[in-house]
>>> print(open('work_38.txt').read())   # compact mmCIF, C-alpha atoms
# COMPACT_ATOMS: atom_id res chain seq x y z
CA MET A 1 -103.56 -32.17 88.17
CA ALA A 2 -101.86 -29.30 86.39
CA THR A 3 -103.77 -26.95 84.11
CA LEU A 4 -102.71 -24.80 81.17
CA LYS A 5 -105.16 -22.07 82.16
CA THR A 6 -103.78 -18.74 83.27
CA LYS A 7 -105.06 -15.19 83.84
CA VAL A 8 -103.46 -11.92 82.75
CA LEU A 9 -105.02 -8.52 83.51
CA GLY A 10 -108.31 -10.26 84.21
CA ILE A 11 -108.23 -12.04 80.84
CA ASP A 12 -108.67 -15.81 81.02
CA PHE A 13 -106.33 -17.76 78.73
CA GLU A 14 -107.25 -21.42 78.26
CA ASN A 15 -103.58 -21.99 77.46
CA PRO A 16 -100.58 -19.62 77.26
CA PHE A 17 -99.96 -20.06 73.53
CA ILE A 18 -101.33 -17.30 71.32
CA LEU A 19 -100.62 -16.36 67.73
CA ALA A 20 -98.58 -13.21 67.19
CA SER A 21 -99.64 -10.32 64.98
CA ALA A 22 -98.36 -11.56 61.63
CA PRO A 23 -99.42 -13.34 58.40
CA PRO A 24 -100.98 -16.28 60.34
CA THR A 25 -103.51 -13.83 61.84
CA ALA A 26 -104.19 -11.82 58.68
CA LYS A 27 -107.51 -13.51 57.80
CA ILE A 28 -110.57 -14.27 59.89
CA GLU A 29 -110.91 -17.77 58.41
CA SER A 30 -107.28 -18.50 59.31
CA ILE A 31 -107.77 -17.43 62.92
CA ASP A 32 -110.94 -19.53 63.00
CA LYS A 33 -108.94 -22.59 61.94
CA ALA A 34 -106.22 -21.89 64.50
CA PHE A 35 -108.80 -21.65 67.29
CA GLU A 36 -110.32 -24.94 66.18
CA LEU A 37 -106.89 -26.58 66.50
CA GLY A 38 -106.39 -25.35 70.06
CA TRP A 39 -104.58 -22.01 70.14
CA GLY A 40 -105.46 -20.01 73.25
CA GLY A 41 -105.81 -16.73 71.41
CA ALA A 42 -104.56 -14.49 68.64
CA VAL A 43 -103.19 -11.00 68.16
CA PHE A 44 -104.60 -9.77 64.87
CA LYS A 45 -102.32 -8.60 62.09
CA THR A 46 -101.94 -4.90 62.77
CA ILE A 47 -105.07 -2.88 62.00
CA THR A 48 -104.68 0.66 60.70
CA PRO A 49 -107.03 3.46 59.66
CA ASP A 50 -108.54 2.64 56.26
CA ASN A 51 -106.80 5.59 54.61
CA LEU A 52 -103.30 4.28 55.37
CA GLU A 53 -102.00 2.85 52.10
CA MET A 54 -100.61 -0.73 52.06
CA ILE A 55 -98.80 -1.74 48.86
CA GLU A 56 -96.71 -4.89 49.23
CA ALA A 57 -93.45 -5.92 47.59
CA SER A 58 -92.76 -9.25 45.88
CA GLN A 59 -90.73 -11.13 46.97
CA ARG A 60 -91.02 -10.24 50.63
CA TYR A 61 -89.38 -13.15 52.47
CA ALA A 62 -85.86 -14.53 52.75
CA THR A 63 -84.66 -17.35 55.02
CA TRP A 64 -81.51 -18.54 56.75
CA LYS A 65 -81.38 -22.32 56.90
CA VAL A 66 -79.20 -24.93 58.56
CA GLY A 67 -79.70 -27.94 56.32
CA ASN A 68 -83.42 -27.91 55.59
CA LYS A 69 -84.38 -26.21 58.85
CA VAL A 70 -85.45 -22.58 58.76
CA CYS A 71 -83.61 -20.93 61.64
CA GLY A 72 -84.31 -17.34 60.67
CA LEU A 73 -86.78 -15.52 58.46
CA GLU A 74 -86.58 -11.97 57.20
CA ASN A 75 -89.77 -10.33 56.02
CA ILE A 76 -90.62 -6.94 54.57
CA GLU A 77 -94.39 -7.45 54.63
CA LEU A 78 -96.57 -4.59 55.81
CA LEU A 79 -99.75 -4.56 57.89
CA SER A 80 -103.34 -5.80 57.56
CA HIS A 81 -105.16 -5.34 54.27
CA LEU A 82 -108.61 -5.80 55.83
CA THR A 83 -110.75 -2.75 56.48
CA VAL A 84 -111.74 -1.73 59.98
CA GLN A 85 -115.29 -2.92 59.31
CA GLN A 86 -114.07 -6.31 58.10
CA TRP A 87 -112.20 -6.70 61.37
CA LEU A 88 -115.24 -5.67 63.40
CA ASP A 89 -117.38 -8.22 61.59
CA GLY A 90 -114.68 -10.87 62.01
CA ILE A 91 -114.28 -10.23 65.73
CA LYS A 92 -118.03 -10.68 66.22
CA TYR A 93 -117.99 -13.93 64.24
CA LEU A 94 -115.00 -15.31 66.14
CA ARG A 95 -116.51 -14.39 69.53
CA GLN A 96 -119.75 -16.17 68.71
CA LYS A 97 -117.97 -19.29 67.47
CA HIS A 98 -115.08 -19.32 69.96
CA PRO A 99 -116.29 -17.55 73.10
CA THR A 100 -113.34 -18.65 75.27
CA LYS A 101 -110.55 -17.61 72.90
CA VAL A 102 -108.56 -14.43 73.57
CA GLN A 103 -108.74 -11.79 70.85
CA ILE A 104 -106.22 -8.94 70.90
CA ALA A 105 -106.36 -6.10 68.39
CA SER A 106 -102.95 -4.90 67.27
CA ILE A 107 -103.32 -1.31 66.09
CA MET A 108 -101.14 1.37 64.48
CA ALA A 109 -101.84 4.89 63.28
CA PRO A 110 -99.94 8.00 62.26
CA VAL A 111 -98.62 10.18 65.09
CA ALA A 112 -101.86 12.10 65.50
CA LYS A 113 -104.02 11.98 68.64
CA GLU A 114 -107.32 11.86 66.76
CA GLU A 115 -106.17 8.95 64.56
CA TRP A 116 -105.11 6.77 67.50
CA GLN A 117 -108.11 7.63 69.65
CA ASN A 118 -110.63 7.09 66.87
CA LEU A 119 -109.19 3.62 66.22
CA VAL A 120 -109.32 2.75 69.91
CA LYS A 121 -112.87 4.06 70.33
CA THR A 122 -114.01 1.99 67.36
CA PHE A 123 -112.66 -1.24 68.83
CA ASN A 124 -113.78 -0.41 72.37
CA ASN A 125 -117.25 -1.30 71.14
CA SER A 126 -116.14 -4.68 69.78
CA GLU A 127 -115.66 -7.91 71.74
CA ILE A 128 -111.87 -7.87 71.77
CA ASP A 129 -110.12 -8.62 75.05
CA ALA A 130 -107.23 -6.17 74.75
CA PHE A 131 -105.23 -3.84 72.53
CA GLU A 132 -101.61 -4.24 71.45
CA LEU A 133 -99.99 -1.01 70.27
CA ASN A 134 -97.55 -1.65 67.44
CA PHE A 135 -94.73 0.81 68.07
CA SER A 136 -92.11 -1.50 66.64
CA CYS A 137 -92.54 -2.70 63.03
CA PRO A 138 -88.99 -2.28 61.60
CA HIS A 139 -89.78 -2.10 57.88
CA GLY A 140 -92.02 -0.09 55.60
CA MET A 141 -93.84 1.88 58.27
CA PRO A 142 -90.87 3.79 59.78
CA GLU A 143 -90.56 5.61 56.44
CA LYS A 144 -94.08 6.91 57.13
CA GLY A 145 -93.03 8.03 60.63
CA ILE A 146 -94.78 5.16 62.42
CA GLY A 147 -93.90 1.63 63.55
CA MET A 148 -90.30 1.51 64.81
CA ALA A 149 -90.06 5.26 64.24
CA ILE A 150 -92.33 5.54 67.29
CA GLY A 151 -90.88 2.77 69.44
CA THR A 152 -87.29 3.98 69.32
CA HIS A 153 -88.25 7.25 71.01
CA PRO A 154 -89.40 7.12 74.64
CA GLU A 155 -91.11 10.51 74.46
CA ILE A 156 -93.19 9.70 71.38
CA SER A 157 -94.00 6.23 72.75
CA ALA A 158 -95.17 7.74 76.03
CA THR A 159 -97.24 10.41 74.31
CA ILE A 160 -99.17 7.95 72.14
CA THR A 161 -99.64 5.59 75.10
CA LYS A 162 -101.22 8.47 77.04
CA TRP A 163 -103.53 9.24 74.12
CA VAL A 164 -104.66 5.63 74.01
CA MET A 165 -105.09 5.28 77.76
CA GLU A 166 -107.35 8.34 77.82
CA VAL A 167 -110.01 6.47 75.86
CA ALA A 168 -109.22 2.73 76.03
CA GLN A 169 -111.83 0.56 77.73
CA LYS A 170 -109.79 -2.62 77.34
CA PRO A 171 -106.34 -3.53 78.72
CA VAL A 172 -103.49 -2.09 76.64
CA PHE A 173 -100.19 -3.83 75.87
CA VAL A 174 -97.38 -1.94 74.15
CA LYS A 175 -95.25 -3.98 71.73
CA LEU A 176 -91.59 -3.04 72.04
CA SER A 177 -88.73 -3.06 69.55
CA PRO A 178 -85.38 -4.77 70.18
CA ASN A 179 -83.79 -2.27 67.79
CA VAL A 180 -82.92 0.19 70.55
CA SER A 181 -79.91 0.74 72.77
CA ASN A 182 -81.97 0.37 75.95
CA ILE A 183 -85.32 -1.41 75.79
CA VAL A 184 -85.90 -0.78 79.50
CA GLU A 185 -85.97 2.98 78.85
CA ILE A 186 -88.83 2.54 76.38
CA ALA A 187 -90.63 0.07 78.65
CA LYS A 188 -90.47 2.45 81.61
CA ALA A 189 -91.66 5.36 79.46
CA VAL A 190 -94.84 3.59 78.37
CA GLU A 191 -95.38 2.15 81.85
CA ASP A 192 -95.20 5.65 83.34
CA ALA A 193 -97.65 6.75 80.63
CA GLY A 194 -100.19 4.22 81.90
CA ALA A 195 -99.73 1.07 79.79
CA ASP A 196 -101.30 -2.01 81.38
CA GLY A 197 -98.79 -4.47 79.95
CA LEU A 198 -95.90 -4.98 77.55
CA ALA A 199 -95.18 -7.26 74.59
CA ALA A 200 -91.61 -8.07 73.60
CA ILE A 201 -90.09 -8.42 71.14
CA ASN A 202 -90.98 -7.38 67.62
CA THR A 203 -88.63 -8.48 64.84
CA VAL A 204 -84.94 -7.59 64.69
CA GLN A 205 -83.96 -5.29 61.84
CA SER A 206 -81.77 -7.26 59.45
CA LEU A 207 -80.32 -7.91 56.02
CA MET A 208 -80.58 -11.61 55.21
CA GLY A 209 -77.85 -11.82 52.63
CA VAL A 210 -76.52 -11.05 49.16
CA ASP A 211 -76.71 -13.13 45.99
CA LEU A 212 -73.03 -13.56 45.11
CA ASP A 213 -73.75 -14.06 41.40
CA THR A 214 -75.78 -10.91 40.90
CA PHE A 215 -74.74 -8.85 43.98
CA GLU A 216 -78.43 -8.28 44.67
CA PRO A 217 -79.50 -8.23 48.35
CA LEU A 218 -82.20 -10.53 49.72
CA PRO A 219 -85.16 -10.66 49.58
CA ASN A 220 -84.81 -9.70 45.93
CA VAL A 221 -87.48 -7.24 44.77
CA ASN A 222 -86.74 -6.71 41.10
CA GLY A 223 -83.02 -6.43 41.84
CA LYS A 224 -83.37 -4.25 44.94
CA SER A 225 -84.08 -4.89 48.63
CA THR A 226 -84.43 -3.15 51.98
CA PHE A 227 -83.77 -3.89 55.63
CA GLY A 228 -86.43 -6.19 57.05
CA GLY A 229 -87.64 -7.82 60.24
CA TYR A 230 -85.76 -10.94 61.39
CA SER A 231 -87.63 -13.66 63.31
CA GLY A 232 -87.50 -17.38 64.02
CA ILE A 233 -85.60 -19.56 66.46
CA ALA A 234 -82.37 -17.61 65.87
CA VAL A 235 -83.76 -14.53 67.68
CA LYS A 236 -84.83 -16.33 70.86
CA PRO A 237 -81.70 -15.31 72.82
CA ILE A 238 -82.41 -11.67 71.98
CA GLY A 239 -86.06 -12.00 72.99
CA LEU A 240 -85.15 -13.70 76.26
CA ARG A 241 -82.64 -11.00 77.07
CA CYS A 242 -85.16 -8.24 76.40
CA VAL A 243 -87.94 -9.86 78.44
CA ALA A 244 -85.55 -10.51 81.34
CA GLN A 245 -84.27 -6.93 81.31
CA ILE A 246 -87.82 -5.61 81.29
CA ARG A 247 -88.85 -7.91 84.13
CA GLN A 248 -85.87 -6.81 86.24
CA ASN A 249 -87.22 -3.28 86.01
CA SER A 250 -91.00 -3.67 85.77
CA ASN A 251 -93.81 -5.67 87.30
CA LEU A 252 -96.18 -5.20 84.35
CA PRO A 253 -97.53 -8.33 82.63
CA ILE A 254 -95.43 -9.33 79.61
CA LEU A 255 -96.41 -11.14 76.43
CA GLY A 256 -93.18 -12.93 75.45
CA ILE A 257 -92.32 -13.09 71.75
CA GLY A 258 -89.34 -14.11 69.66
CA GLY A 259 -88.28 -17.53 68.43
CA VAL A 260 -90.89 -19.53 70.34
CA ALA A 261 -91.05 -22.87 68.51
CA THR A 262 -91.59 -25.45 71.27
CA TRP A 263 -92.96 -25.72 74.78
CA HIS A 264 -89.35 -25.56 76.02
CA ASP A 265 -89.03 -22.06 74.56
CA ALA A 266 -92.26 -21.01 76.23
CA VAL A 267 -91.05 -22.21 79.62
CA GLU A 268 -87.81 -20.25 79.22
CA TYR A 269 -89.75 -17.08 78.44
CA MET A 270 -92.00 -17.58 81.46
CA CYS A 271 -89.01 -18.22 83.71
CA VAL A 272 -87.58 -14.81 82.79
CA GLY A 273 -90.85 -12.96 83.23
CA ALA A 274 -93.39 -13.63 80.49
CA ASP A 275 -97.00 -14.37 81.43
CA VAL A 276 -97.93 -15.97 78.10
CA VAL A 277 -96.10 -16.34 74.79
CA GLN A 278 -96.83 -15.43 71.19
CA VAL A 279 -95.82 -17.61 68.24
CA CYS A 280 -95.33 -16.54 64.63
CA THR A 281 -92.48 -17.88 62.48
CA GLU A 282 -92.75 -21.50 63.60
CA VAL A 283 -96.36 -21.47 62.43
CA MET A 284 -95.30 -19.93 59.13
CA VAL A 285 -92.88 -22.79 58.45
CA ASN A 286 -94.74 -25.72 60.06
CA GLY A 287 -98.42 -24.76 60.36
CA TYR A 288 -100.98 -24.25 63.11
CA ALA A 289 -100.96 -27.93 64.11
CA ILE A 290 -97.77 -27.48 66.16
CA ILE A 291 -100.03 -26.32 69.00
CA GLU A 292 -100.92 -29.87 70.04
CA ALA A 293 -97.33 -30.83 70.88
CA MET A 294 -96.78 -27.47 72.59
CA LYS A 295 -99.77 -27.90 74.88
CA LYS A 296 -99.05 -31.54 75.65
CA GLY A 297 -95.37 -30.89 76.33
CA LEU A 298 -96.03 -27.97 78.67
CA LEU A 299 -98.70 -29.86 80.61
CA ASN A 300 -96.40 -32.85 81.08
CA TYR A 301 -93.59 -30.56 82.19
CA LEU A 302 -95.77 -28.78 84.76
CA GLU A 303 -96.90 -32.11 86.19
CA SER A 304 -93.34 -33.45 86.33
CA LYS A 305 -92.32 -30.39 88.34
CA GLY A 306 -95.35 -30.51 90.62
CA LEU A 307 -96.54 -27.12 89.39
CA ASN A 308 -100.19 -26.17 89.04
CA SER A 309 -100.22 -23.77 86.09
CA PRO A 310 -98.05 -21.64 83.79
CA ALA A 311 -98.25 -18.85 86.37
CA ASP A 312 -96.07 -20.96 88.67
CA LEU A 313 -93.20 -20.67 86.18
CA LYS A 314 -93.20 -16.89 86.05
CA ASN A 315 -89.94 -15.19 87.10
CA ARG A 316 -88.30 -18.41 88.32
CA ALA A 317 -84.97 -17.58 86.67
CA ILE A 318 -84.89 -13.85 87.35
CA ALA A 319 -83.16 -14.10 90.74
CA ASN A 320 -80.33 -16.03 89.06
CA LEU A 321 -79.53 -13.20 86.64
CA SER A 322 -76.96 -10.72 87.91
CA ALA A 323 -74.18 -8.38 86.84
CA HIS A 324 -70.90 -9.93 85.66
CA GLU A 325 -69.06 -8.47 88.64
CA THR A 326 -71.23 -10.40 91.08
CA LEU A 327 -70.66 -13.85 89.52
CA ASN A 328 -68.75 -16.41 91.59
CA LYS A 329 -65.34 -16.54 89.93
CA GLN A 330 -63.62 -18.65 92.58
CA LYS A 331 -65.01 -22.00 91.45
CA GLN A 332 -63.80 -23.51 88.17
CA VAL A 333 -65.18 -26.33 86.09
CA TYR A 334 -63.09 -28.58 83.84
CA PRO A 335 -63.80 -30.69 80.76
CA HIS A 336 -64.33 -34.39 81.39
CA ILE A 337 -63.85 -36.47 78.25
CA ASP A 338 -65.83 -39.67 77.76
CA ASP A 339 -63.17 -41.76 76.03
CA ALA A 340 -65.71 -44.27 74.70
CA MET A 341 -67.73 -41.52 73.00
CA CYS A 342 -64.73 -39.53 71.78
CA ALA A 343 -63.98 -39.85 68.05
CA LYS A 344 -60.33 -38.85 68.62
CA CYS A 345 -60.73 -36.33 65.79
CA GLY A 346 -58.62 -33.75 67.60
CA LYS A 347 -60.91 -30.83 66.80
CA CYS A 348 -61.15 -29.82 70.44
CA VAL A 349 -57.35 -29.79 70.65
CA THR A 350 -57.07 -27.50 67.63
CA ILE A 351 -59.83 -25.16 68.78
CA CYS A 352 -58.45 -24.92 72.32
CA ALA A 353 -54.99 -24.06 70.97
CA GLU A 354 -56.31 -21.53 68.48
CA SER A 355 -58.69 -19.91 70.95
CA GLU A 356 -56.16 -18.92 73.57
CA HIS A 357 -55.44 -21.74 76.02
CA SER A 358 -53.82 -24.95 74.61
CA ALA A 359 -55.12 -27.02 77.52
CA LEU A 360 -55.94 -30.13 75.47
CA SER A 361 -53.66 -32.50 73.57
CA LEU A 362 -53.97 -35.81 71.74
CA ARG A 363 -51.59 -38.41 73.18
CA ASP A 364 -51.51 -42.11 72.39
CA GLY A 365 -55.01 -41.92 70.93
CA HIS A 366 -56.57 -40.12 73.91
CA ILE A 367 -57.51 -36.51 74.65
CA VAL A 368 -55.48 -35.31 77.64
CA LEU A 369 -56.23 -32.23 79.76
CA ASP A 370 -53.60 -29.95 81.24
CA LYS A 371 -55.45 -28.45 84.20
CA THR A 372 -52.81 -25.78 84.72
CA ALA A 373 -53.63 -24.32 81.29
CA CYS A 374 -57.41 -24.81 81.41
CA VAL A 375 -59.60 -21.86 82.39
CA GLY A 376 -62.90 -23.75 82.25
CA CYS A 377 -64.28 -21.68 79.38
CA SER A 378 -66.32 -24.68 78.06
CA LEU A 379 -65.70 -23.99 74.35
CA CYS A 380 -64.48 -27.56 73.78
CA SER A 381 -67.76 -29.00 75.07
CA HIS A 382 -69.76 -26.90 72.63
CA ILE A 383 -67.81 -27.78 69.50
CA CYS A 384 -67.53 -31.55 70.15
CA ALA A 385 -69.56 -33.29 67.45
CA LYS A 386 -70.00 -36.42 69.61
CA SER A 387 -70.99 -34.59 72.84
CA ALA A 388 -68.17 -36.48 74.51
CA ILE A 389 -67.07 -33.54 76.66
CA LYS A 390 -68.96 -32.45 79.78
CA MET A 391 -68.00 -29.62 82.09
CA LYS A 392 -67.86 -30.64 85.76
>>> encode(input="work_38.txt", output="structure tokens")
Amino acid sequence: MATLKTKVLGIDFENPFILASAPPTAKIESIDKAFELGWGGAVFKTITPDNLEMIEASQRYATWKVGNKVCGLENIELLSHLTVQQWLDGIKYLRQKHPTKVQIASIMAPVAKEEWQNLVKTFNNSEIDAFELNFSCPHGMPEKGIGMAIGTHPEISATITKWVMEVAQKPVFVKLSPNVSNIVEIAKAVEDAGADGLAAINTVQSLMGVDLDTFEPLPNVNGKSTFGGYSGIAVKPIGLRCVAQIRQNSNLPILGIGGVATWHDAVEYMCVGADVVQVCTEVMVNGYAIIEAMKKGLLNYLESKGLNSPADLKNRAIANLSAHETLNKQKQVYPHIDDAMCAKCGKCVTICAESEHSALSLRDGHIVLDKTACVGCSLCSHICAKSAIKMK
């Protein structure tokens, strides 16, 4: 029988689904509820020294939807509003009530050795399982010289990691930003500085849109806005790319983050190198109860594949990722049209002609392929509304 249990840096996870550092982990009572429903753990909304001011904007969210489905969410929310003592009390309460759940303290402080080390020393004495260093928040905090202002510089990231590692008595993960030209450079810098593990990715810096009646950007804060952090299912390809690139260059444990909404997403992250996954936006739009389907789906998948645990999925796709120049370009696939499924709308013909190749035509009520013009690009199969085209 398969199990959802896995172990990372000596930490036992009863399942590989944990809540990311975000609004769903901002309150102790909320985390309590999530644990009751079956989440394996939680990364607390980022804790800062009590003297770091947190004044929020309203509104602070904007969404991109396809129909009624939220595909992307931009937020400009800041960090935790609880005091350090409130977190310490909450951690104790959660450990007593949920002894098997993983608790990870996300922390952030100004670029000052004493500030970071004091925060770490304080939580060393709590019952957390690990630290997550937030070097990557893309909004609000960079203006104060922290958050993404740290994580876009390998030298500063390495320096703070060293400060933390000097005093940390728990495993330390560093949360990385996708808003860099080379995430591997940052990952290697903090690894060389002693980090125990990595977390990727934080949100993607974005601008959700503009109100075309008022010309005010979104989210609208009294007529003004700012660049925010983009999350949700739309960022999964970016998160997968970042985790895969890190794994190709590092053997450190990775907490995979970015667009995880289903067990399928979790499996993809594990196959490119993640040990466990964090979930945020999908909880914000559909609630904690999504965990039941995620756990059930993953367990069924493991059993169908004859695998014992999530650890057996780790890195399975990495060997199949290579440079463009090494891809096999001698073998070509072609579109095969299922005539019974085809609506004869001709869209594939138009798109093929207007996107370079003109390999398809509509003749006597049937889609016809000219193999001499086809390059096997597969665009037609992706735009077919009836899924009547398969590449073979």
>>> closest_residue(input="work_38.txt", among="A:Tyr269, A:Phe35, A:Tyr334, A:Tyr230", to="Trp64 (chain A)", atoms="only C-alpha atoms")
A:Tyr230
>>> closest_atom_pairs(input="work_38.txt", of="region 194-295 of chain A", to="region 322-326 of chain A", cutoff="12 Å", atoms="all atoms listed in the file", output="JSON lines")
{"residue": "A:Ala244", "atom": "CA", "partner": "A:Ser322", "partner_atom": "CA", "distance": 10.8}
{"residue": "A:Gln245", "atom": "CA", "partner": "A:Ser322", "partner_atom": "CA", "distance": 10.6}
{"residue": "A:Gln248", "atom": "CA", "partner": "A:Ser322", "partner_atom": "CA", "distance": 9.9}
>>> residues_around(input="work_38.txt", residues="region 123-128 of chain A", least_positions_apart="3", cutoff="12 Å", atoms="all atoms listed in the file", output="PyMOL selection string")
chain A and resi 11+41-44+47-49+84-96+98-107+116-120+131-132+164-165+167-172
>>> closest_residue(input="work_38.txt", among="A:Leu19, A:Cys377, A:Ile146, A:Ile28", to="Leu78 (chain A)", atoms="only C-alpha atoms")
A:Ile146
>>> atom_distance(input="work_38.txt", atom1="CA of Ile233 (chain A)", atom2="CA of Cys71 (chain A)")
5.4 Å
>>> atom_distance(input="work_38.txt", atom1="CA of Val283 (chain A)", atom2="CA of Pro217 (chain A)")
25.6 Å
>>> closest_residue(input="work_38.txt", among="A:Leu252, A:Ala2, A:Ile201, A:Leu79", to="Pro237 (chain A)", atoms="only C-alpha atoms")
A:Ile201
>>> residues_around(input="work_38.txt", residues="Ile318 (chain A)", least_positions_apart="2", cutoff="10 Å", atoms="only C-alpha atoms", output="ChimeraX atom specification")
/A:244-245,247-248,270-273,314-316,320-322
>>> residues_around(input="work_38.txt", residues="His336 (chain A)", least_positions_apart="4", cutoff="10 Å", atoms="only C-alpha atoms", output="PyMOL selection string")
chain A and resi 367-369+381+388-392
>>> residues_around(input="work_38.txt", residues="region 173-183 of chain A", least_positions_apart="3", cutoff="10 Å", atoms="all atoms listed in the file", output="MDAnalysis selection string")
chainID A and resid 104:106 130:138 147:154 157 161 170 186:191 195:206 238:239 241:243 245:246 252:257
>>> closest_residue(input="work_38.txt", among="A:Glu155, A:Val210, A:Lys224, A:Cys380", to="Ala193 (chain A)", atoms="all atoms listed in the file")
A:Glu155
>>> atom_distance(input="work_38.txt", atom1="CA of Glu143 (chain A)", atom2="CA of Lys27 (chain A)")
25.6 Å
>>> closest_residue(input="work_38.txt", among="A:Asp129, A:Phe17, A:Leu52, A:Asp370", to="Ala34 (chain A)", atoms="all atoms listed in the file")
A:Phe17
>>> axis_aligned_box(input="work_38.txt", around="region 140-158 of chain A", padding_each_side="3 Å", output="lines of an AutoDock Vina configuration file")
center_x = -91.2
center_y = 5.2
center_z = 65.8
size_x = 13.9
size_y = 16.6
size_z = 26.4
>>> closest_residue(input="work_38.txt", among="A:Ala274, A:Thr226, A:Leu73, A:Val235", to="Gly258 (chain A)", atoms="only C-alpha atoms")
A:Val235
>>> build_atoms(input="work_38.txt", residues="region 378-391 of chain A", atoms="N, CA, C and O atoms", output="short mmCIF file (atom, residue, chain, number, x, y, z; two decimals), keeping the file's coordinate frame")
data_model
loop_
_atom_site.label_atom_id
_atom_site.label_comp_id
_atom_site.auth_asym_id
_atom_site.auth_seq_id
_atom_site.Cartn_x
_atom_site.Cartn_y
_atom_site.Cartn_z
N SER A 378 -65.30 -23.76 78.57
CA SER A 378 -66.32 -24.68 78.06
C SER A 378 -66.44 -24.73 76.54
O SER A 378 -67.28 -25.44 76.01
N LEU A 379 -65.60 -24.00 75.81
CA LEU A 379 -65.70 -23.99 74.35
C LEU A 379 -65.59 -25.40 73.78
O LEU A 379 -66.33 -25.77 72.87
N CYS A 380 -64.68 -26.21 74.31
CA CYS A 380 -64.48 -27.56 73.78
C CYS A 380 -65.76 -28.39 73.85
O CYS A 380 -66.06 -29.17 72.94
N SER A 381 -66.53 -28.21 74.91
CA SER A 381 -67.76 -29.00 75.07
C SER A 381 -68.82 -28.61 74.04
O SER A 381 -69.66 -29.42 73.66
N HIS A 382 -68.76 -27.38 73.58
CA HIS A 382 -69.76 -26.90 72.63
C HIS A 382 -69.44 -27.29 71.19
O HIS A 382 -70.36 -27.41 70.37
N ILE A 383 -68.17 -27.47 70.89
CA ILE A 383 -67.81 -27.78 69.50
C ILE A 383 -67.62 -29.29 69.27
O ILE A 383 -67.42 -29.71 68.13
N CYS A 384 -67.71 -30.11 70.31
CA CYS A 384 -67.53 -31.55 70.15
C CYS A 384 -68.73 -32.15 69.42
O CYS A 384 -69.87 -32.09 69.91
N ALA A 385 -68.48 -32.74 68.26
CA ALA A 385 -69.56 -33.29 67.45
C ALA A 385 -70.20 -34.53 68.08
O ALA A 385 -71.34 -34.87 67.74
N LYS A 386 -69.49 -35.19 68.99
CA LYS A 386 -70.00 -36.42 69.61
C LYS A 386 -70.55 -36.18 71.02
O LYS A 386 -70.96 -37.13 71.69
N SER A 387 -70.55 -34.93 71.46
CA SER A 387 -70.99 -34.59 72.84
C SER A 387 -70.25 -35.44 73.87
O SER A 387 -70.82 -35.88 74.87
N ALA A 388 -68.96 -35.63 73.62
CA ALA A 388 -68.17 -36.48 74.51
C ALA A 388 -67.52 -35.69 75.64
O ALA A 388 -66.86 -36.28 76.51
N ILE A 389 -67.70 -34.38 75.64
CA ILE A 389 -67.07 -33.54 76.66
C ILE A 389 -68.14 -32.88 77.52
O ILE A 389 -69.04 -32.21 77.01
N LYS A 390 -68.04 -33.07 78.82
CA LYS A 390 -68.96 -32.45 79.78
C LYS A 390 -68.14 -31.62 80.76
O LYS A 390 -67.06 -32.03 81.19
N MET A 391 -68.69 -30.48 81.13
CA MET A 391 -68.00 -29.62 82.09
C MET A 391 -68.47 -29.99 83.49
O MET A 391 -69.68 -30.05 83.76
#
